[in-house]
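Here's input20.txt, which has compact mmCIF, C-alpha atoms and all ligand atoms:
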# COMPACT_ATOMS: atom_id res chain seq x y z
CA MET I 1 105.58 49.16 188.08
CA ARG I 2 108.51 46.90 188.95
CA ALA I 3 108.38 43.16 188.48
CA GLY I 4 110.34 40.35 190.07
CA VAL I 5 111.02 37.04 188.34
CA ILE I 6 112.38 34.11 190.30
CA VAL I 7 113.95 31.50 188.05
CA ALA I 8 113.56 28.05 189.56
CA GLY I 9 113.32 25.53 186.73
CA GLY I 10 116.66 23.79 187.28
CA ARG I 11 117.15 20.17 188.31
CA SER I 12 119.34 20.81 191.37
CA THR I 13 121.62 17.94 190.36
CA ARG I 14 124.42 19.06 192.65
CA PHE I 15 121.97 19.21 195.54
CA GLY I 16 120.79 15.62 195.28
CA ASP I 17 117.36 14.10 194.69
CA SER I 18 115.20 16.91 195.99
CA ASP I 19 114.46 20.36 194.61
CA LYS I 20 116.74 22.93 196.26
CA ALA I 21 114.20 25.68 195.52
CA VAL I 22 111.88 24.39 198.23
CA ALA I 23 114.50 22.89 200.53
CA GLU I 24 114.37 24.39 204.01
CA LEU I 25 117.13 26.78 204.82
CA SER I 26 117.13 27.29 208.55
CA GLY I 27 113.39 26.54 208.71
CA THR I 28 112.29 28.50 205.62
CA PRO I 29 112.17 27.21 202.04
CA MET I 30 114.96 28.85 200.04
CA ILE I 31 112.61 30.22 197.38
CA ARG I 32 110.54 31.88 200.10
CA ARG I 33 113.61 33.66 201.39
CA VAL I 34 114.23 34.96 197.87
CA ALA I 35 110.55 35.96 197.46
CA ASP I 36 110.54 37.73 200.84
CA ARG I 37 113.57 39.81 199.91
CA LEU I 38 112.66 40.51 196.29
CA GLY I 39 109.05 41.20 197.32
CA GLN I 40 110.20 44.22 199.33
CA VAL I 41 111.13 46.15 196.19
CA VAL I 42 108.78 44.96 193.44
CA ASP I 43 105.05 45.28 192.73
CA GLU I 44 104.51 41.82 191.25
CA LEU I 45 106.21 38.46 191.46
CA VAL I 46 106.48 35.74 188.82
CA VAL I 47 107.98 32.30 189.43
CA ASN I 48 109.40 30.42 186.46
CA CYS I 49 109.62 26.65 186.91
CA ARG I 50 108.39 23.33 185.51
CA ASP I 51 104.82 22.13 185.85
CA ASP I 52 105.83 19.40 188.30
CA GLN I 53 107.32 21.96 190.73
CA VAL I 54 104.23 24.14 191.08
CA ASP I 55 102.54 22.41 194.04
CA ALA I 56 105.65 22.40 196.21
CA ILE I 57 106.62 25.98 195.33
CA ASP I 58 103.06 27.21 195.84
CA ALA I 59 103.06 25.60 199.29
CA ALA I 60 106.46 27.10 200.07
CA LEU I 61 105.12 30.57 199.21
CA SER I 62 101.67 30.22 200.77
CA GLY I 63 100.55 33.27 202.69
CA HIS I 64 103.19 35.41 201.04
CA ALA I 65 102.37 39.10 200.62
CA PHE I 66 102.26 38.48 196.86
CA ASP I 67 100.31 35.73 195.23
CA PRO I 68 102.97 34.90 192.67
CA ALA I 69 102.05 34.12 189.09
CA PHE I 70 103.63 30.99 187.65
CA ALA I 71 105.27 31.04 184.21
CA LEU I 72 105.86 27.43 183.30
CA ASP I 73 108.53 26.09 180.97
CA GLU I 74 106.73 24.67 177.95
CA ASP I 75 109.86 22.80 177.07
CA PRO I 76 111.71 21.99 180.32
CA ASP I 77 115.48 21.81 180.76
CA GLN I 78 116.31 24.41 178.14
CA GLY I 79 118.51 26.23 180.61
CA PRO I 80 118.21 29.46 182.60
CA MET I 81 118.04 31.71 179.52
CA ALA I 82 114.88 29.99 178.32
CA GLY I 83 113.53 30.22 181.87
CA ILE I 84 114.26 33.93 182.05
CA ALA I 85 112.47 34.48 178.72
CA THR I 86 109.46 32.51 179.93
CA GLY I 87 109.33 34.40 183.22
CA LEU I 88 109.66 37.78 181.53
CA GLY I 89 106.79 36.85 179.21
CA ALA I 90 104.46 36.78 182.20
CA VAL I 91 105.26 40.12 183.80
CA GLU I 92 103.14 43.25 183.56
CA GLY I 93 105.85 45.71 184.54
CA GLU I 94 108.14 47.29 181.98
CA TYR I 95 111.28 46.33 183.92
CA ALA I 96 111.88 43.14 185.87
CA ALA I 97 114.49 42.01 188.36
CA VAL I 98 115.46 38.44 187.60
CA VAL I 99 116.83 36.48 190.55
CA ALA I 100 117.77 32.81 190.75
CA CYS I 101 115.93 30.77 193.36
CA ASP I 102 119.22 29.78 194.94
CA MET I 103 120.36 33.28 195.96
CA PRO I 104 118.84 33.57 199.46
CA PHE I 105 121.06 36.48 200.49
CA VAL I 106 119.84 38.74 197.67
CA ASP I 107 119.88 42.33 198.92
CA PRO I 108 116.61 44.20 198.19
CA ALA I 109 118.33 47.59 198.34
CA PHE I 110 120.75 46.46 195.67
CA ILE I 111 117.89 45.28 193.47
CA SER I 112 116.32 48.69 193.86
CA TYR I 113 119.61 50.27 192.79
CA LEU I 114 119.68 47.99 189.71
CA PHE I 115 116.22 49.26 188.73
CA GLU I 116 117.56 52.80 188.91
CA ARG I 117 120.59 51.92 186.79
CA ALA I 118 118.47 50.13 184.18
CA ALA I 119 116.13 53.10 183.64
CA SER I 120 116.21 54.36 180.04
CA HIS I 121 118.41 51.37 179.11
CA GLU I 122 117.47 47.76 178.46
CA ALA I 123 119.40 46.08 181.26
CA ALA I 124 121.58 46.64 184.31
CA VAL I 125 123.85 43.69 184.89
CA PRO I 126 126.34 43.45 187.77
CA ARG I 127 129.87 42.30 187.04
CA PRO I 128 131.57 41.99 190.43
CA ASP I 129 134.41 39.89 188.96
CA GLU I 130 135.02 38.45 185.51
CA TRP I 131 131.49 37.05 185.34
CA PHE I 132 128.27 38.88 184.62
CA GLN I 133 125.61 38.12 187.23
CA THR I 134 122.83 37.54 184.74
CA THR I 135 120.58 35.85 187.30
CA GLN I 136 120.61 38.86 189.57
CA ALA I 137 120.01 41.66 187.13
CA VAL I 138 117.28 44.02 185.96
CA TYR I 139 116.00 43.83 182.41
CA HIS I 140 113.56 45.64 180.18
CA ALA I 141 111.17 42.72 180.02
CA ASP I 142 110.19 42.83 176.34
CA ALA I 143 113.67 43.68 175.08
CA MET I 144 115.37 40.91 177.07
CA ARG I 145 112.71 38.39 176.16
CA ALA I 146 113.16 39.12 172.47
CA ALA I 147 116.96 38.98 172.82
CA CYS I 148 116.71 35.58 174.56
CA ARG I 149 114.52 34.25 171.76
CA ARG I 150 117.02 35.44 169.16
CA ALA I 151 119.92 33.92 171.09
CA LEU I 152 118.11 30.60 171.47
CA GLU I 153 117.34 30.62 167.74
CA ARG I 154 121.06 31.08 167.09
CA GLY I 155 121.68 28.01 169.23
CA GLU I 156 123.27 30.01 172.06
CA HIS I 157 122.74 28.80 175.60
CA LYS I 158 124.90 31.09 177.69
CA VAL I 159 122.72 33.60 179.53
CA VAL I 160 125.21 36.34 178.83
CA GLU I 161 124.63 36.14 175.05
CA PRO I 162 121.32 38.01 174.84
CA ILE I 163 122.75 40.88 176.86
CA PHE I 164 125.16 41.80 174.11
CA ASP I 165 122.11 42.41 171.95
CA LEU I 166 120.77 45.01 174.38
CA ASP I 167 121.57 48.55 175.45
CA TYR I 168 123.00 47.33 178.75
CA VAL I 169 124.65 49.00 181.71
CA VAL I 170 127.42 47.13 183.48
CA VAL I 171 127.37 47.59 187.24
CA GLU I 172 131.05 47.22 187.96
CA ARG I 173 132.61 45.84 191.15
CA GLU I 174 133.23 49.27 192.63
CA ASP I 175 129.57 50.23 192.23
CA VAL I 176 128.47 46.87 193.56
CA LEU I 177 130.59 47.27 196.68
CA GLU I 178 129.31 50.78 197.24
CA HIS I 179 125.76 49.47 197.41
CA THR I 180 125.94 45.98 198.83
CA SER I 181 128.25 43.10 199.72
CA LEU I 182 129.18 40.18 197.51
CA GLU I 183 126.97 37.96 199.65
CA THR I 184 124.02 39.12 197.53
CA PHE I 185 125.28 36.94 194.66
CA GLU I 186 126.03 33.87 196.74
CA ASN I 187 124.22 30.88 195.27
CA LEU I 188 123.75 27.59 197.03
CA ASN I 189 124.22 24.43 195.03
CA THR I 190 125.19 21.59 197.35
CA ARG I 191 123.91 20.29 200.69
CA GLU I 192 127.20 21.35 202.25
CA GLU I 193 126.70 24.93 201.04
CA PHE I 194 123.15 24.81 202.38
CA GLU I 195 124.23 23.63 205.80
CA ALA I 196 126.96 26.24 206.04
CA ALA I 197 124.59 29.01 204.92
CA ALA I 198 121.82 27.96 207.32
CA GLU I 199 124.01 29.00 210.24
CA ARG I 200 124.03 32.57 208.95
CA PHE I 201 120.27 33.12 209.27
N1 LIG I 301 113.54 27.39 183.74
C1 LIG I 301 114.75 26.86 183.89
N2 LIG I 301 115.56 27.30 184.89
C2 LIG I 301 116.76 26.70 185.04
C3 LIG I 301 117.20 25.66 184.19
N3 LIG I 301 118.45 25.29 184.60
C4 LIG I 301 118.76 26.06 185.65
N4 LIG I 301 117.74 26.91 185.93
C5 LIG I 301 117.70 27.91 187.00
O1 LIG I 301 118.82 28.77 186.84
C6 LIG I 301 119.40 29.08 188.08
C7 LIG I 301 120.87 28.70 188.10
O2 LIG I 301 121.00 27.32 187.83
P1 LIG I 301 121.89 26.33 188.68
O3 LIG I 301 122.51 26.99 189.86
O4 LIG I 301 122.78 25.60 187.77
O5 LIG I 301 120.75 25.37 189.24
P2 LIG I 301 120.35 23.92 188.80
O6 LIG I 301 120.48 23.76 187.33
O7 LIG I 301 119.03 23.64 189.40
O8 LIG I 301 121.45 23.08 189.60
P3 LIG I 301 122.49 21.99 189.07
O9 LIG I 301 121.68 20.93 188.40
O10 LIG I 301 123.16 21.51 190.32
O11 LIG I 301 123.40 22.74 188.13
C8 LIG I 301 118.57 28.38 189.15
O12 LIG I 301 117.66 29.32 189.65
C9 LIG I 301 117.85 27.28 188.38
O13 LIG I 301 116.58 26.98 188.93
C10 LIG I 301 116.32 25.22 183.14
O14 LIG I 301 116.63 24.31 182.36
N5 LIG I 301 115.11 25.85 183.04

Just dump the structure as structure tokens.
Ligand SMILES: Nc1nc2c(ncn2[C@@H]2O[C@H](COP(=O)(O)OP(=O)(O)OP(=O)(O)O)[C@@H](O)[C@H]2O)c(=O)[nH]1
Amino acid sequence: MRAGVIVAGGRSTRFGDSDKAVAELSGTPMIRRVADRLGQVVDELVVNCRDDQVDAIDAALSGHAFDPAFALDEDPDQGPMAGIATGLGAVEGEYAAVVACDMPFVDPAFISYLFERAASHEAAVPRPDEWFQTTQAVYHADAMRAACRRALERGEHKVVEPIFDLDYVVVEREDVLEHTSLETFENLNTREEFEAAAERF
């Protein structure tokens, strides 16, 4: 059983005063685009966000093939790593693909490939350039959750930190490009990026 976790508990400060997760991207809320794509290759879907986001996100996902479970931040604004840990705590599957709510071009076939790469390890994390794409990666849910907790206890906030505690596979640029295009990692932060991206749907 494969799980999908959409991390959506950020404040969208670069976007302005509304939540980018539910902002319409060419007529469809961004988080729904992510759920539609991720939903093609997983058996369950969990959305991590704050309590005050639930109504809007639920409406954005209404009628979706999956009735997503919500995993709410007990302590909001602790960063994406805390959100990932919370989301992973709510999945039933052994492995989970974690995807940020602001990656509407996420490629389902690539996510499927990440599940294959993660098998018998604790994570498969793409590194298309110098940065690890920790918010588009597949994790062993329990192992990553425990590693996040340990990292948070150490006072670490960078999402890459818990990975170094895991048996992780790096999906290097060459492998990434053999399976998808870099568009899969594109994340939208500002209204300008939104408007430019909307034209591509
Ligand atoms: N649960 C949780 N998720 C977060 C938090 N901060 C960011 N995220 C999520 O992590 C992902 C990447 O974060 P950013 O691109 O920085 O999004 P953001 O924090 O909403 O946007 P900015 O405020 O403009 O930086 C997005 O999916 C966010 O929803 C947090 O404090 N808690």

Best match for closeness to Ile57 in chain I among I:Gly9, I:Gly79, I:Gly93, I:Pro126, counting only C-alpha atoms: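 Result for the nearest residue to Ile57 in chain I: I:Gly9.
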
Distance criterion (only C-alpha atoms): nearest to Ile84 in chain I out of I:Asn48, I:Arg200, I:Gly39, I:Ile163: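 That would be I:Asn48, the residue with the smallest distance to Ile84 in chain I.
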
Around ligand LIG 301 (chain I), out to 6 Å and counting all atoms listed in the file, which residues are there? I want them as a list in words.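 Those within range of ligand LIG 301 (chain I) are Val7, Ala8, Gly9, Gly10, Arg11, Ser12, Thr13, Arg14, Phe15, Asn48, Cys49, Asp73, Pro76, Asp77, Gln78, Gly79, Pro80, Gly83, Ala100, Cys101, Asp102 and Asn189 of chain I.
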
Check the smallest atom-to-atom distance from each of I:Ala21, I:Ala137, I:Val5, I:Met30 to Val170 in chain I using only C-alpha atoms, then report the winner.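 When distances to Val170 in chain I are compared using only C-alpha atoms, the smallest one comes from I:Ala137.
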
Here is a test: counting all atoms listed in the file, which residue of I:Ala198, I:Ala146, I:Leu72, I:Ile6 is nearest to Val99 in chain I?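 Result for the nearest residue to Val99 in chain I: I:Ile6.
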
Within 8 Å of Pro128 in chain I, counting only C-alpha atoms, which residues show up once you throw out same-chain ones fewer than 5 positions away? Write them as a PyMOL selection string, please. chain I and resi 133+171-174+176+182

Closest to Val169 in chain I among I:Ala124, I:Val42, I:Ala56, I:Val98, using all atoms listed in the file?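 For Val169 in chain I, the nearest of the candidates is I:Ala124.
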
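One finds CA of Leu45 in chain I at 15.4 Å from CA of Ala59 in chain I.
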
Polymer residues at most 6 Å from (105.5, 36.8, 191.2) by all atoms listed in the file, as a VMD selection string: chain I and resid 44 to 47 68 to 69

As an exercise, work out the distance from CA of Ala3 in chain I to CA of Ala96 in chain I in Å and give it to one decimal place.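 Those two atoms sit 4.4 Å apart.
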
So which one's closest to Ala143 in chain I, I:Arg50, I:His157, I:His121, I:Arg32? Using all atoms listed in the file, please.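 The shortest atom-to-atom distance to Ala143 in chain I comes from I:His121.
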
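The spacing separating CA of Asp17 in chain I from CA of Thr134 in chain I amounts to 26.0 Å.
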
I need every residue sitting at most 9 Å from the point (124.3, 37.0, 201.8) (coordinates as in the file, all atoms listed in the file considered), written as an mmCIF file with C-alpha atoms, in the frame of the given file.
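Produced file part.cif, reproduced below:
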data_model
loop_
_atom_site.group_PDB
_atom_site.id
_atom_site.type_symbol
_atom_site.label_atom_id
_atom_site.label_comp_id
_atom_site.auth_asym_id
_atom_site.auth_seq_id
_atom_site.Cartn_x
_atom_site.Cartn_y
_atom_site.Cartn_z
ATOM 1 C CA MET I 103 120.360 33.280 195.960
ATOM 2 C CA PRO I 104 118.840 33.570 199.460
ATOM 3 C CA PHE I 105 121.060 36.480 200.490
ATOM 4 C CA VAL I 106 119.840 38.740 197.670
ATOM 5 C CA ASP I 107 119.880 42.330 198.920
ATOM 6 C CA SER I 181 128.250 43.100 199.720
ATOM 7 C CA LEU I 182 129.180 40.180 197.510
ATOM 8 C CA GLU I 183 126.970 37.960 199.650
ATOM 9 C CA THR I 184 124.020 39.120 197.530
ATOM 10 C CA PHE I 185 125.280 36.940 194.660
ATOM 11 C CA GLU I 186 126.030 33.870 196.740
ATOM 12 C CA ASN I 187 124.220 30.880 195.270
ATOM 13 C CA ALA I 197 124.590 29.010 204.920
ATOM 14 C CA ARG I 200 124.030 32.570 208.950
#

Which polymer residues have any atom within 10 Å of an atom of Gln40 in chain I, counting only C-alpha atoms, with same-chain residues fewer than 6 positions away left out, as a ChimeraX atom specification? /I:65,107-109,111-112
